[in-house]
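This is coords_28.txt (compact mmCIF, C-alpha atoms).
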```txt
# COMPACT_ATOMS: atom_id res chain seq x y z
CA MET A 284 -4.87 -14.79 -1.80
CA LYS A 285 -1.92 -12.63 -2.78
CA ILE A 286 -1.44 -9.36 -0.87
CA LEU A 287 1.12 -6.84 -2.03
CA ALA A 288 2.72 -5.01 0.92
CA VAL A 289 3.91 -1.48 0.13
CA CYS A 290 5.90 0.71 2.50
CA GLY A 291 5.60 4.46 2.02
CA SER A 292 9.03 5.01 3.55
CA LEU A 293 12.40 4.40 1.91
CA LYS A 294 14.14 4.33 5.31
CA ALA A 295 16.04 1.04 5.77
CA GLN A 296 14.89 0.65 9.39
CA SER A 297 11.38 2.02 8.87
CA ALA A 298 8.80 1.15 11.53
CA ASN A 299 6.28 0.82 8.69
CA LEU A 300 8.50 -1.71 6.95
CA ALA A 301 8.71 -3.67 10.20
CA LEU A 302 4.90 -3.57 10.42
CA LEU A 303 4.61 -5.07 6.92
CA ARG A 304 7.15 -7.77 7.73
CA THR A 305 5.12 -8.67 10.80
CA ALA A 306 2.00 -8.86 8.63
CA ALA A 307 3.80 -11.30 6.33
CA GLN A 308 4.70 -13.48 9.31
CA LEU A 309 1.12 -13.40 10.60
CA ALA A 310 -0.49 -14.31 7.27
CA PRO A 311 -2.57 -17.48 7.54
CA PRO A 312 -2.05 -20.48 5.26
CA GLY A 313 -3.22 -19.74 1.73
CA VAL A 314 -2.39 -16.03 2.03
CA GLU A 315 0.89 -14.69 0.67
CA VAL A 316 2.07 -11.24 1.70
CA GLN A 317 4.70 -10.08 -0.79
CA LEU A 318 6.77 -7.01 0.03
CA PHE A 319 7.32 -4.57 -2.86
CA THR A 320 10.64 -2.78 -2.38
CA GLY A 321 10.93 -0.86 -5.66
CA LEU A 322 9.26 2.48 -4.92
CA GLY A 323 12.63 4.20 -4.72
CA GLU A 324 13.50 2.92 -8.20
CA LEU A 325 10.54 4.61 -9.90
CA PRO A 326 11.38 7.73 -11.93
CA HIS A 327 9.49 10.93 -11.26
CA PHE A 328 6.10 10.66 -12.91
CA ASN A 329 6.01 12.43 -16.25
CA PRO A 330 3.42 11.58 -18.93
CA ASP A 331 5.88 12.69 -21.63
CA ALA A 332 8.45 10.16 -20.38
CA GLU A 333 5.88 7.40 -20.70
CA ALA A 334 5.31 8.32 -24.34
CA GLN A 335 9.03 7.73 -24.95
CA GLY A 336 8.96 4.27 -23.37
CA ILE A 337 8.13 2.88 -19.96
CA SER A 338 10.92 2.36 -17.46
CA PRO A 339 11.47 -1.28 -16.38
CA SER A 340 10.83 -0.24 -12.77
CA VAL A 341 7.42 1.17 -13.74
CA THR A 342 6.60 -2.01 -15.66
CA GLN A 343 7.56 -4.11 -12.62
CA TRP A 344 5.42 -1.92 -10.33
CA ARG A 345 2.40 -2.18 -12.61
CA GLN A 346 2.76 -5.94 -13.15
CA THR A 347 3.22 -6.65 -9.45
CA LEU A 348 0.13 -4.60 -8.58
CA ALA A 349 -1.93 -6.27 -11.31
CA ALA A 350 -0.92 -9.73 -10.05
CA SER A 351 -2.11 -9.02 -6.50
CA ASP A 352 -5.57 -9.62 -5.07
CA ALA A 353 -5.18 -6.81 -2.54
CA VAL A 354 -2.66 -4.26 -1.29
CA LEU A 355 -1.53 -3.45 2.25
CA ILE A 356 0.09 -0.02 2.62
CA ALA A 357 1.91 1.10 5.74
CA THR A 358 3.20 4.64 5.50
CA PRO A 359 4.54 7.48 7.59
CA GLU A 360 3.02 10.93 7.46
CA TYR A 361 5.22 13.61 5.93
CA GLY A 362 4.09 17.22 6.26
CA HIS A 363 0.53 16.16 7.16
CA SER A 364 0.29 14.18 3.93
CA LEU A 365 1.52 11.04 2.23
CA PRO A 366 5.19 10.69 1.29
CA GLY A 367 6.15 11.89 -2.18
CA VAL A 368 7.57 8.50 -3.16
CA LEU A 369 4.21 6.85 -2.48
CA LYS A 370 2.25 9.54 -4.35
CA ASN A 371 4.67 9.16 -7.27
CA ALA A 372 4.05 5.40 -7.35
CA ILE A 373 0.30 5.96 -7.38
CA ASP A 374 0.64 8.55 -10.16
CA TRP A 375 2.37 5.93 -12.34
CA VAL A 376 -0.72 3.68 -12.23
CA ILE A 377 -3.51 6.22 -12.55
CA GLY A 378 -3.66 5.99 -16.34
CA SER A 379 -2.88 2.27 -16.56
CA GLY A 380 -5.47 1.33 -13.92
CA GLU A 381 -3.78 -1.26 -11.70
CA LEU A 382 -5.23 0.34 -8.56
CA GLU A 383 -8.65 0.99 -10.10
CA GLY A 384 -11.16 -0.83 -7.88
CA LYS A 385 -8.37 -2.63 -6.00
CA LEU A 386 -8.91 -3.65 -2.38
CA VAL A 387 -6.38 -1.68 -0.29
CA ALA A 388 -5.75 -1.71 3.46
CA LEU A 389 -4.12 1.39 4.95
CA THR A 390 -2.22 1.93 8.16
CA ALA A 391 0.77 3.64 9.72
CA SER A 392 3.12 2.54 12.47
CA THR A 393 3.03 5.36 15.01
CA PRO A 394 4.27 6.10 18.54
CA ALA A 395 0.83 7.39 19.61
CA PRO A 396 -2.78 6.90 18.41
CA GLU A 397 -3.26 10.52 17.31
CA ARG A 398 -0.22 10.45 15.00
CA GLY A 399 -0.31 9.67 11.26
CA ARG A 400 -4.01 10.31 10.71
CA ARG A 401 -3.66 13.22 8.28
CA GLY A 402 -1.26 11.26 6.09
CA LEU A 403 -3.61 8.27 6.05
CA ARG A 404 -6.55 10.52 5.21
CA ALA A 405 -4.60 12.08 2.30
CA LEU A 406 -3.63 8.61 1.06
CA GLY A 407 -7.22 7.41 1.34
CA ASP A 408 -8.47 10.44 -0.60
CA THR A 409 -5.96 9.76 -3.37
CA LEU A 410 -6.90 6.07 -3.57
CA ARG A 411 -10.64 6.79 -3.49
CA ALA A 412 -10.11 8.96 -6.59
CA LEU A 413 -9.13 5.65 -8.25
CA SER A 414 -12.19 3.88 -6.83
CA ALA A 415 -9.96 1.73 -4.63
CA ARG A 416 -11.91 -0.11 -1.94
CA ILE A 417 -10.37 0.95 1.37
CA VAL A 418 -10.04 -1.23 4.46
CA GLY A 419 -8.71 0.17 7.72
CA GLY A 420 -7.19 3.60 7.66
CA ASP A 421 -6.18 3.95 11.29
CA PRO A 422 -2.65 4.06 12.64
CA ILE A 423 -1.29 1.11 14.61
CA VAL A 424 0.54 2.15 17.77
CA ARG A 425 3.93 0.57 18.34
CA GLY A 426 4.12 -1.58 21.44
CA PRO A 427 3.21 -5.00 22.80
CA ASP A 428 -0.30 -5.01 21.25
CA MET A 429 0.97 -4.11 17.77
CA PRO A 430 0.95 -7.70 16.41
CA ILE A 431 -2.68 -8.07 17.52
CA ALA A 432 -3.67 -4.87 15.69
CA ILE A 433 -1.75 -5.94 12.58
CA GLY A 434 -3.48 -9.32 12.68
CA ARG A 435 -6.88 -7.65 12.92
CA LEU A 436 -6.18 -5.43 9.91
CA LEU A 437 -4.88 -8.38 7.92
CA ASP A 438 -7.96 -10.43 8.88
CA ALA A 439 -10.26 -7.57 7.82
CA LEU A 440 -8.47 -7.30 4.48
CA ILE A 441 -8.67 -11.04 3.84
CA GLU A 442 -12.32 -11.21 4.91
CA GLN A 443 -13.28 -8.26 2.69
CA GLY A 444 -11.39 -9.77 -0.23
CA ARG A 445 -13.23 -13.04 0.11
CA ALA A 446 -16.60 -11.31 0.57
CA ASP A 447 -16.05 -9.13 -2.49
CA GLY A 448 -14.79 -12.00 -4.57
CA ALA A 449 -11.48 -10.17 -5.00
CA VAL A 450 -9.54 -13.39 -4.57
CA GLY A 451 -8.69 -14.67 -7.98
CA HIS A 452 -10.17 -11.55 -9.65
CA ARG A 453 -7.13 -9.34 -10.06
CA ALA A 454 -7.68 -5.83 -11.34
CA ARG A 455 -6.93 -5.53 -15.07
```
Let's see the structure in the file written out as structure tokens.
Amino acid sequence: MKILAVCGSLKAQSANLALLRTAAQLAPPGVEVQLFTGLGELPHFNPDAEAQGISPSVTQWRQTLAASDAVLIATPEYGHSLPGVLKNAIDWVIGSGELEGKLVALTASTPAPERGRRGLRALGDTLRALSARIVGGDPIVRGPDMPIAIGRLLDALIEQGRADGAVGHRAR
């Protein structure tokens, strides 16, 4: 099973990036967690720009998504919503369909359990508009139990992927 890990933050020392790296380390045999680091390279979404030719960064984003069995997104909350860079990335695949019906796990690395929930809800709403199948959706609190919570989310994503037959059935 191939899981694409996407961080909604461009910050070099992002806690969400650290969460995704931990998930990659915790992945069981037969499961590859690949970190996508190109969100900052994507141009601002503009349908007119696409008509003039697709940027190589957009092509890479679409191909990497299409080649994955599932997606794991860890993102901060900005202004009670999802970060603009993450929304922009999603906008680039609405018309091409790489997230359509895709199995996607959502979380946020937070200092407290009540933090990050509005951003995750906004992200979930956006992905549900694409008929993405959502797993998780709760923040993971930083601290000594964080690896356990990450492992549980990863297990739930893998289990759902196997139950749905998502493994080996990549979207589009």
Next on the checklist: Quick one: residues within 10 Å of A:Val368, only C-alpha atoms, excluding same-chain residues fewer than 5 positions away - as a PyMOL selection string?
Outcome noted: chain A and resi 290-293+322-327+373-374
Next on the checklist: Can you measure atom CA of A:Ala432 to atom CA of A:Ala310 for me? One decimal in Å is fine.
Outcome noted: 13.0 Å
Item to check | Among listed residues A:Glu397, A:Glu315, A:Asp331, A:Asp447, nearest A:Lys285 (using only C-alpha atoms) | outcome: A:Glu315
Item to check | Residue neighbourhood stretch 413-420 of chain A, 7 Å, only C-alpha atoms, exclusion window fewer than 5 positions, as a PyMOL selection string | outcome: chain A and resi 382-390+403+436+440
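Take the candidates A:Ala412, A:Ala391, A:Ala446, A:Leu318 and check each one against A:Val354 using only C-alpha atoms; the shortest distance goes to A:Leu318.
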Taking all atoms of stretch 402-406 of chain A that the file lists and extending 8 Å past them on each side, where is the centre of the axis-aligned box and how long are its edges? Answer in Å to one decimal, as JSON.
```
{"center_x": -3.9, "center_y": 10.2, "center_z": 3.6, "size_x": 21.3, "size_y": 19.8, "size_z": 21.0}
```
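For the set A:Pro430, A:Gly321, A:Pro422, A:Pro312, the residue with the smallest atom-to-atom gap to A:Ala372 is A:Gly321, counting all atoms listed in the file.
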Checklist entry - What is the atom CA of A:Ser297-atom CA of A:Asp352 distance in Å, reported with one decimal? => result 24.8 Å
Checklist entry - Mind pulling up the distance from atom CA of A:Glu360 to atom CA of A:Pro427? => result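 That distance, rounded to one decimal, is 22.1 Å.
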Checklist entry - With all atoms listed in the file as the basis for distance, which of A:Leu355, A:Ile423, A:Leu348, A:Ile441 is at the shortest distance from A:Gly313? => result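 Ranking A:Leu355, A:Ile423, A:Leu348, A:Ile441 by distance to A:Gly313, first place goes to A:Ile441.
When all atoms listed in the file are used to compute distances to A:Lys294, the closest of the residues A:Thr358, A:Ser364, A:Thr393, A:Gln308 turns out to be A:Thr358.
Among A:Gln317, A:Ile377, A:Asp421, A:Pro366, the residue with the shortest atom-to-atom distance to A:Ser392, counting only C-alpha atoms, is A:Asp421.
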Rebuild stretch 312-325 of chain A to N, CA, C and O atoms - output it as a JSON list (two decimals), in the coordinates of the input, please.
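Dumped to rebuild-v8.json:
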```
[["chain", "number", "residue", "atom", "x", "y", "z"],
["A", 312, "PRO", "N", -2.29, -19.62, 6.43],
["A", 312, "PRO", "CA", -2.05, -20.48, 5.26],
["A", 312, "PRO", "C", -2.97, -20.09, 4.11],
["A", 312, "PRO", "O", -4.13, -19.74, 4.32],
["A", 313, "GLY", "N", -2.43, -20.10, 2.91],
["A", 313, "GLY", "CA", -3.22, -19.74, 1.73],
["A", 313, "GLY", "C", -3.19, -18.26, 1.42],
["A", 313, "GLY", "O", -3.77, -17.82, 0.43],
["A", 314, "VAL", "N", -2.51, -17.48, 2.26],
["A", 314, "VAL", "CA", -2.39, -16.03, 2.03],
["A", 314, "VAL", "C", -0.90, -15.71, 1.97],
["A", 314, "VAL", "O", -0.15, -15.99, 2.89],
["A", 315, "GLU", "N", -0.50, -15.11, 0.85],
["A", 315, "GLU", "CA", 0.89, -14.69, 0.67],
["A", 315, "GLU", "C", 0.95, -13.18, 0.75],
["A", 315, "GLU", "O", 0.22, -12.48, 0.04],
["A", 316, "VAL", "N", 1.82, -12.67, 1.62],
["A", 316, "VAL", "CA", 2.07, -11.24, 1.70],
["A", 316, "VAL", "C", 3.45, -11.00, 1.10],
["A", 316, "VAL", "O", 4.46, -11.44, 1.65],
["A", 317, "GLN", "N", 3.47, -10.34, -0.06],
["A", 317, "GLN", "CA", 4.70, -10.08, -0.79],
["A", 317, "GLN", "C", 5.09, -8.62, -0.63],
["A", 317, "GLN", "O", 4.30, -7.72, -0.95],
["A", 318, "LEU", "N", 6.29, -8.37, -0.17],
["A", 318, "LEU", "CA", 6.77, -7.01, 0.03],
["A", 318, "LEU", "C", 7.31, -6.44, -1.28],
["A", 318, "LEU", "O", 8.16, -7.05, -1.93],
["A", 319, "PHE", "N", 6.80, -5.27, -1.68],
["A", 319, "PHE", "CA", 7.32, -4.57, -2.86],
["A", 319, "PHE", "C", 8.34, -3.55, -2.37],
["A", 319, "PHE", "O", 8.02, -2.69, -1.55],
["A", 320, "THR", "N", 9.56, -3.65, -2.86],
["A", 320, "THR", "CA", 10.64, -2.78, -2.38],
["A", 320, "THR", "C", 11.15, -1.82, -3.46],
["A", 320, "THR", "O", 12.19, -1.20, -3.27],
["A", 321, "GLY", "N", 10.43, -1.66, -4.55],
["A", 321, "GLY", "CA", 10.93, -0.86, -5.66],
["A", 321, "GLY", "C", 10.44, 0.56, -5.78],
["A", 321, "GLY", "O", 10.68, 1.19, -6.81],
["A", 322, "LEU", "N", 9.78, 1.11, -4.76],
["A", 322, "LEU", "CA", 9.26, 2.48, -4.92],
["A", 322, "LEU", "C", 10.38, 3.48, -5.18],
["A", 322, "LEU", "O", 10.20, 4.42, -5.96],
["A", 323, "GLY", "N", 11.52, 3.28, -4.54],
["A", 323, "GLY", "CA", 12.63, 4.20, -4.72],
["A", 323, "GLY", "C", 13.26, 4.14, -6.10],
["A", 323, "GLY", "O", 14.02, 5.03, -6.49],
["A", 324, "GLU", "N", 12.95, 3.10, -6.85],
["A", 324, "GLU", "CA", 13.50, 2.92, -8.20],
["A", 324, "GLU", "C", 12.65, 3.62, -9.27],
["A", 324, "GLU", "O", 13.09, 3.76, -10.41],
["A", 325, "LEU", "N", 11.44, 4.00, -8.91],
["A", 325, "LEU", "CA", 10.54, 4.61, -9.90],
["A", 325, "LEU", "C", 11.01, 6.02, -10.25],
["A", 325, "LEU", "O", 11.33, 6.82, -9.37]]
```
